[in-house]
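Novice: Next up is a structure, given as structure tokens.
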Amino acid sequence: MKKRLLILGGTGDAAELAVRASQIAEIEVVSSLAGRTQQPFTPKTGTVRIGGFGGAAGLTQFLLVSAALGEDRPIDFLIDATHPFAAQISANAAVAAAECNVPYLMLVRPAWERVEGDRWIDVAGHSEAARALLGLSQRVFLTIGRQELAAFAGLDAIWFLMRAIDPPALNSPIPNGKLLLARGPFSLEDERQLLLEYQIDTIVSKNSGGGATYAKIVAARELGIPVVMVQRPPIGDVEKVADVEGAIAWLVKQLSGLG
């Protein structure tokens with residue numbers, strides 16, 4: 001019987017991992033998407049479930065039984081390939097894997113690193129990012145997704161260009177400005193033109209890493225625009241890899257009994 005791999009996904013890396021892992025004869029892939037975006041990166045192979053588990057306890061139960069899939073079979077391996085800022089999901093995964101003694105790996109892309117010419121203002125969270133804009137900015141490119149817009153809603157003296165994949169929930173507070181719905185990757189030429197067209201003087205960004213949205217950081221560097229950079233939440237002491245290749249190597253090692 002095949003070993004069952006659960007991938008906590010929603011990212012491009014997770015979708016790619018599902019395809020690659022499905023090519024391993026001994027592996028059956030189950031991908032779980034949180035369902036927070038209307039058009040998530042959906043794997044093109046394996047079983048896909050959408051929705052939360054009900055915290056660490058619910059995920060623990062799923063690992064033990066997987067009854068939601070119609071079979072009383074446990075999960076053999078767990079890979080967390082969620083967004084680097086999905087801190088609660090990752091914390092729940094670590095707890096559940098330890099509780100069930102399921103081999104567990106985090107696939108987390110490397111954070112962006114400051115290079116010469118970058119004008120970054122590092123902050124620990126979105127409320128701190130909002131405070132950093134006071135007295136600094138008049139026209140801000142806000143690229144943090146729809147769920148954190150409320151932290152900036154009270155800055156009435158600032159105009160915001162807000163880019164997100166999906167619109168914010170109805171009646172949720174958002175800042176004054178324009179909402180732009182789009183999904184990366186974005187080209188350097190387009191990002192540069194966007195900053196110039198809207199006369200942006202500051203960018204607020206999560207340090208998400210990866211190449212899909214890095215062009216805005218390069219454009220800001222070229223134009224001398226400061227970036228208020230929200231740093232990632234801390235990651236627990238768990239085994240980690242930086243890319244899909246590393247995750248596949250870990251999986252093969254587990255199957256060989258060397259993990």
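Residue names in the structure tokens use chain letters A, B, ... in the order shown, residue numbers from 1 in each chain, and ligand numbers from 1 in the order shown.
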Any chance you could tabulate, as JSON lines, the residues of stretch 66-135 of chain A at most 12 Å from stretch 242-258 of chain A with each one's nearest atom pair and distance in Å to one decimal, using only C-alpha atoms, in chain and rising number order?

Specialist:
```
{"residue": "A:Asp76", "atom": "CA", "partner": "A:Gln254", "partner_atom": "CA", "distance": 9.8}
{"residue": "A:Phe77", "atom": "CA", "partner": "A:Leu251", "partner_atom": "CA", "distance": 8.1}
{"residue": "A:Leu78", "atom": "CA", "partner": "A:Leu251", "partner_atom": "CA", "distance": 9.7}
{"residue": "A:Ile79", "atom": "CA", "partner": "A:Ala247", "partner_atom": "CA", "distance": 8.0}
{"residue": "A:Asp80", "atom": "CA", "partner": "A:Ala247", "partner_atom": "CA", "distance": 10.0}
{"residue": "A:Ala81", "atom": "CA", "partner": "A:Val244", "partner_atom": "CA", "distance": 9.3}
{"residue": "A:Pro84", "atom": "CA", "partner": "A:Ala242", "partner_atom": "CA", "distance": 11.3}
{"residue": "A:Val102", "atom": "CA", "partner": "A:Gln254", "partner_atom": "CA", "distance": 10.9}
{"residue": "A:Pro103", "atom": "CA", "partner": "A:Gln254", "partner_atom": "CA", "distance": 8.0}
{"residue": "A:Tyr104", "atom": "CA", "partner": "A:Trp250", "partner_atom": "CA", "distance": 9.8}
{"residue": "A:Leu105", "atom": "CA", "partner": "A:Ala247", "partner_atom": "CA", "distance": 7.7}
{"residue": "A:Met106", "atom": "CA", "partner": "A:Ala247", "partner_atom": "CA", "distance": 8.3}
{"residue": "A:Leu107", "atom": "CA", "partner": "A:Ala242", "partner_atom": "CA", "distance": 5.8}
{"residue": "A:Val108", "atom": "CA", "partner": "A:Ala242", "partner_atom": "CA", "distance": 5.3}
{"residue": "A:Arg109", "atom": "CA", "partner": "A:Ala242", "partner_atom": "CA", "distance": 4.8}
{"residue": "A:Pro110", "atom": "CA", "partner": "A:Ala242", "partner_atom": "CA", "distance": 6.1}
{"residue": "A:Ala111", "atom": "CA", "partner": "A:Ala242", "partner_atom": "CA", "distance": 9.8}
```

Novice: Can I get the selection written as a compact mmCIF listing (two decimals), in the first residue's frame, with all heavy atoms?

Specialist:
```txt
# COMPACT_ATOMS: atom_id res chain seq x y z
N ASP A 76 1.20 9.45 6.57
CA ASP A 76 2.54 8.93 6.88
C ASP A 76 3.59 10.02 6.94
O ASP A 76 4.55 9.92 7.70
CB ASP A 76 2.94 7.89 5.84
CG ASP A 76 2.00 6.69 5.84
OD1 ASP A 76 2.07 5.90 6.79
OD2 ASP A 76 1.21 6.57 4.89
N PHE A 77 3.44 11.06 6.11
CA PHE A 77 4.40 12.16 6.06
C PHE A 77 3.64 13.48 5.95
O PHE A 77 2.59 13.55 5.30
CB PHE A 77 5.37 12.04 4.87
CG PHE A 77 6.02 10.69 4.73
CD1 PHE A 77 5.73 9.88 3.66
CD2 PHE A 77 6.92 10.25 5.70
CE1 PHE A 77 6.31 8.63 3.53
CE2 PHE A 77 7.51 9.01 5.57
CZ PHE A 77 7.22 8.19 4.50
N LEU A 78 4.19 14.53 6.54
CA LEU A 78 3.57 15.86 6.50
C LEU A 78 4.60 16.89 6.06
O LEU A 78 5.68 16.99 6.65
CB LEU A 78 3.03 16.23 7.88
CG LEU A 78 2.48 17.66 8.06
CD1 LEU A 78 1.31 17.92 7.11
CD2 LEU A 78 2.06 17.89 9.51
N ILE A 79 4.27 17.62 5.00
CA ILE A 79 5.13 18.72 4.55
C ILE A 79 4.31 20.01 4.56
O ILE A 79 3.26 20.11 3.93
CB ILE A 79 5.70 18.47 3.14
CG1 ILE A 79 6.58 17.21 3.13
CG2 ILE A 79 6.52 19.69 2.68
CD1 ILE A 79 7.20 16.90 1.78
N ASP A 80 4.80 20.99 5.29
CA ASP A 80 4.17 22.30 5.38
C ASP A 80 4.81 23.20 4.33
O ASP A 80 5.96 23.62 4.46
CB ASP A 80 4.39 22.88 6.78
CG ASP A 80 3.88 24.31 6.94
OD1 ASP A 80 3.26 24.82 5.99
OD2 ASP A 80 4.12 24.91 7.99
N ALA A 81 4.05 23.48 3.26
CA ALA A 81 4.54 24.35 2.19
C ALA A 81 3.65 25.57 2.07
O ALA A 81 3.39 26.08 0.98
CB ALA A 81 4.59 23.59 0.87
N PRO A 84 5.12 31.85 3.97
CA PRO A 84 5.98 32.10 5.13
C PRO A 84 5.32 32.87 6.27
O PRO A 84 5.80 32.83 7.40
CB PRO A 84 7.13 32.93 4.52
CG PRO A 84 7.16 32.54 3.09
CD PRO A 84 5.73 32.28 2.71
N VAL A 102 4.57 11.82 13.33
CA VAL A 102 4.60 11.79 11.86
C VAL A 102 5.81 12.59 11.38
O VAL A 102 5.99 13.74 11.81
CB VAL A 102 3.30 12.39 11.28
CG1 VAL A 102 3.42 12.59 9.77
CG2 VAL A 102 2.12 11.50 11.60
N PRO A 103 6.67 12.04 10.53
CA PRO A 103 7.79 12.81 9.99
C PRO A 103 7.30 14.10 9.35
O PRO A 103 6.37 14.09 8.52
CB PRO A 103 8.40 11.86 8.95
CG PRO A 103 8.04 10.49 9.45
CD PRO A 103 6.67 10.64 10.06
N TYR A 104 7.93 15.22 9.72
CA TYR A 104 7.42 16.54 9.39
C TYR A 104 8.54 17.42 8.83
O TYR A 104 9.66 17.43 9.36
CB TYR A 104 6.82 17.18 10.65
CG TYR A 104 6.49 18.65 10.55
CD1 TYR A 104 5.57 19.11 9.61
CD2 TYR A 104 7.06 19.58 11.40
CE1 TYR A 104 5.24 20.45 9.53
CE2 TYR A 104 6.74 20.93 11.33
CZ TYR A 104 5.83 21.36 10.38
OH TYR A 104 5.52 22.68 10.30
N LEU A 105 8.21 18.15 7.77
CA LEU A 105 9.17 19.03 7.11
C LEU A 105 8.49 20.34 6.77
O LEU A 105 7.32 20.36 6.37
CB LEU A 105 9.69 18.37 5.82
CG LEU A 105 10.70 19.17 5.00
CD1 LEU A 105 12.08 19.15 5.68
CD2 LEU A 105 10.80 18.62 3.58
N MET A 106 9.24 21.44 6.88
CA MET A 106 8.77 22.73 6.37
C MET A 106 9.52 23.07 5.09
O MET A 106 10.75 23.01 5.05
CB MET A 106 9.02 23.86 7.38
CG MET A 106 8.01 23.93 8.50
SD MET A 106 8.15 25.49 9.44
CE MET A 106 7.47 26.67 8.25
N LEU A 107 8.77 23.40 4.05
CA LEU A 107 9.34 23.93 2.81
C LEU A 107 9.13 25.43 2.85
O LEU A 107 8.00 25.91 2.68
CB LEU A 107 8.66 23.30 1.59
CG LEU A 107 8.92 23.95 0.23
CD1 LEU A 107 10.40 24.08 -0.06
CD2 LEU A 107 8.22 23.16 -0.88
N VAL A 108 10.16 26.18 3.12
CA VAL A 108 10.03 27.63 3.28
C VAL A 108 11.09 28.33 2.45
O VAL A 108 12.29 28.13 2.63
CB VAL A 108 10.13 28.04 4.78
CG1 VAL A 108 11.39 27.51 5.43
CG2 VAL A 108 10.00 29.54 4.95
N ARG A 109 10.62 29.09 1.48
CA ARG A 109 11.56 29.77 0.58
C ARG A 109 12.39 30.79 1.35
O ARG A 109 11.89 31.40 2.31
CB ARG A 109 10.79 30.45 -0.54
CG ARG A 109 9.94 31.61 -0.07
CD ARG A 109 9.06 32.19 -1.16
NE ARG A 109 7.78 31.54 -1.25
CZ ARG A 109 6.64 32.19 -1.53
NH1 ARG A 109 6.64 33.47 -1.79
NH2 ARG A 109 5.51 31.54 -1.58
N PRO A 110 13.64 31.02 0.95
CA PRO A 110 14.50 31.97 1.66
C PRO A 110 13.91 33.38 1.60
O PRO A 110 13.30 33.79 0.61
CB PRO A 110 15.83 31.90 0.90
CG PRO A 110 15.81 30.57 0.21
CD PRO A 110 14.38 30.31 -0.12
N ALA A 111 14.10 34.12 2.69
CA ALA A 111 13.66 35.52 2.72
C ALA A 111 14.55 36.36 1.80
O ALA A 111 15.68 35.99 1.49
CB ALA A 111 13.74 36.05 4.15
```

Novice: Which is closest to A:Met229 among A:Thr143, A:Asn176, A:Ser90, A:Gln23, if we use only C-alpha atoms?

Specialist: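 Residue with the minimum atom-to-atom distance to A:Met229: A:Thr143.
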
Novice: With only C-alpha atoms as the basis for distance, which of A:Ala18, A:Leu6, A:Ile235, A:Val30 is at the shortest distance from A:Ala87?

Specialist: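 Closest residue, counting only C-alpha atoms: A:Ile235.
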
Novice: DSSP says helix (DSSP H, G or I) for which residues of stretch 54-230 of chain A? Put them as JSON, numbers by chain?

Specialist: {"A": [55, 56, 57, 58, 59, 60, 61, 62, 63, 64, 65, 67, 68, 69, 87, 88, 89, 90, 91, 92, 93, 94, 95, 96, 97, 98, 99, 100, 126, 127, 128, 129, 130, 131, 132, 133, 146, 147, 148, 149, 150, 151, 152, 188, 189, 190, 191, 192, 193, 194, 195, 196, 197, 215, 216, 217, 218, 219, 220, 221, 222, 223]}

Novice: Using only C-alpha atoms, which residue out of A:Asn101, A:Thr47, A:Ser187, A:Gln88 lies closest to A:Ala215?

Specialist: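 Of A:Asn101, A:Thr47, A:Ser187, A:Gln88, the one nearest A:Ala215 is A:Ser187, counting only C-alpha atoms.
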
Novice: Given the choices A:Phe53, A:Tyr198, A:Phe186, A:Phe85, which gets closest to A:Thr213 if the distance is worked out from only C-alpha atoms?

Specialist: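 That would be A:Phe186, the residue with the smallest distance to A:Thr213.
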
Novice: What is the distance, in Å and to one decimal place, between atom CA of A:Lys44 and atom CA of A:Gly184?

Specialist: 19.2 Å
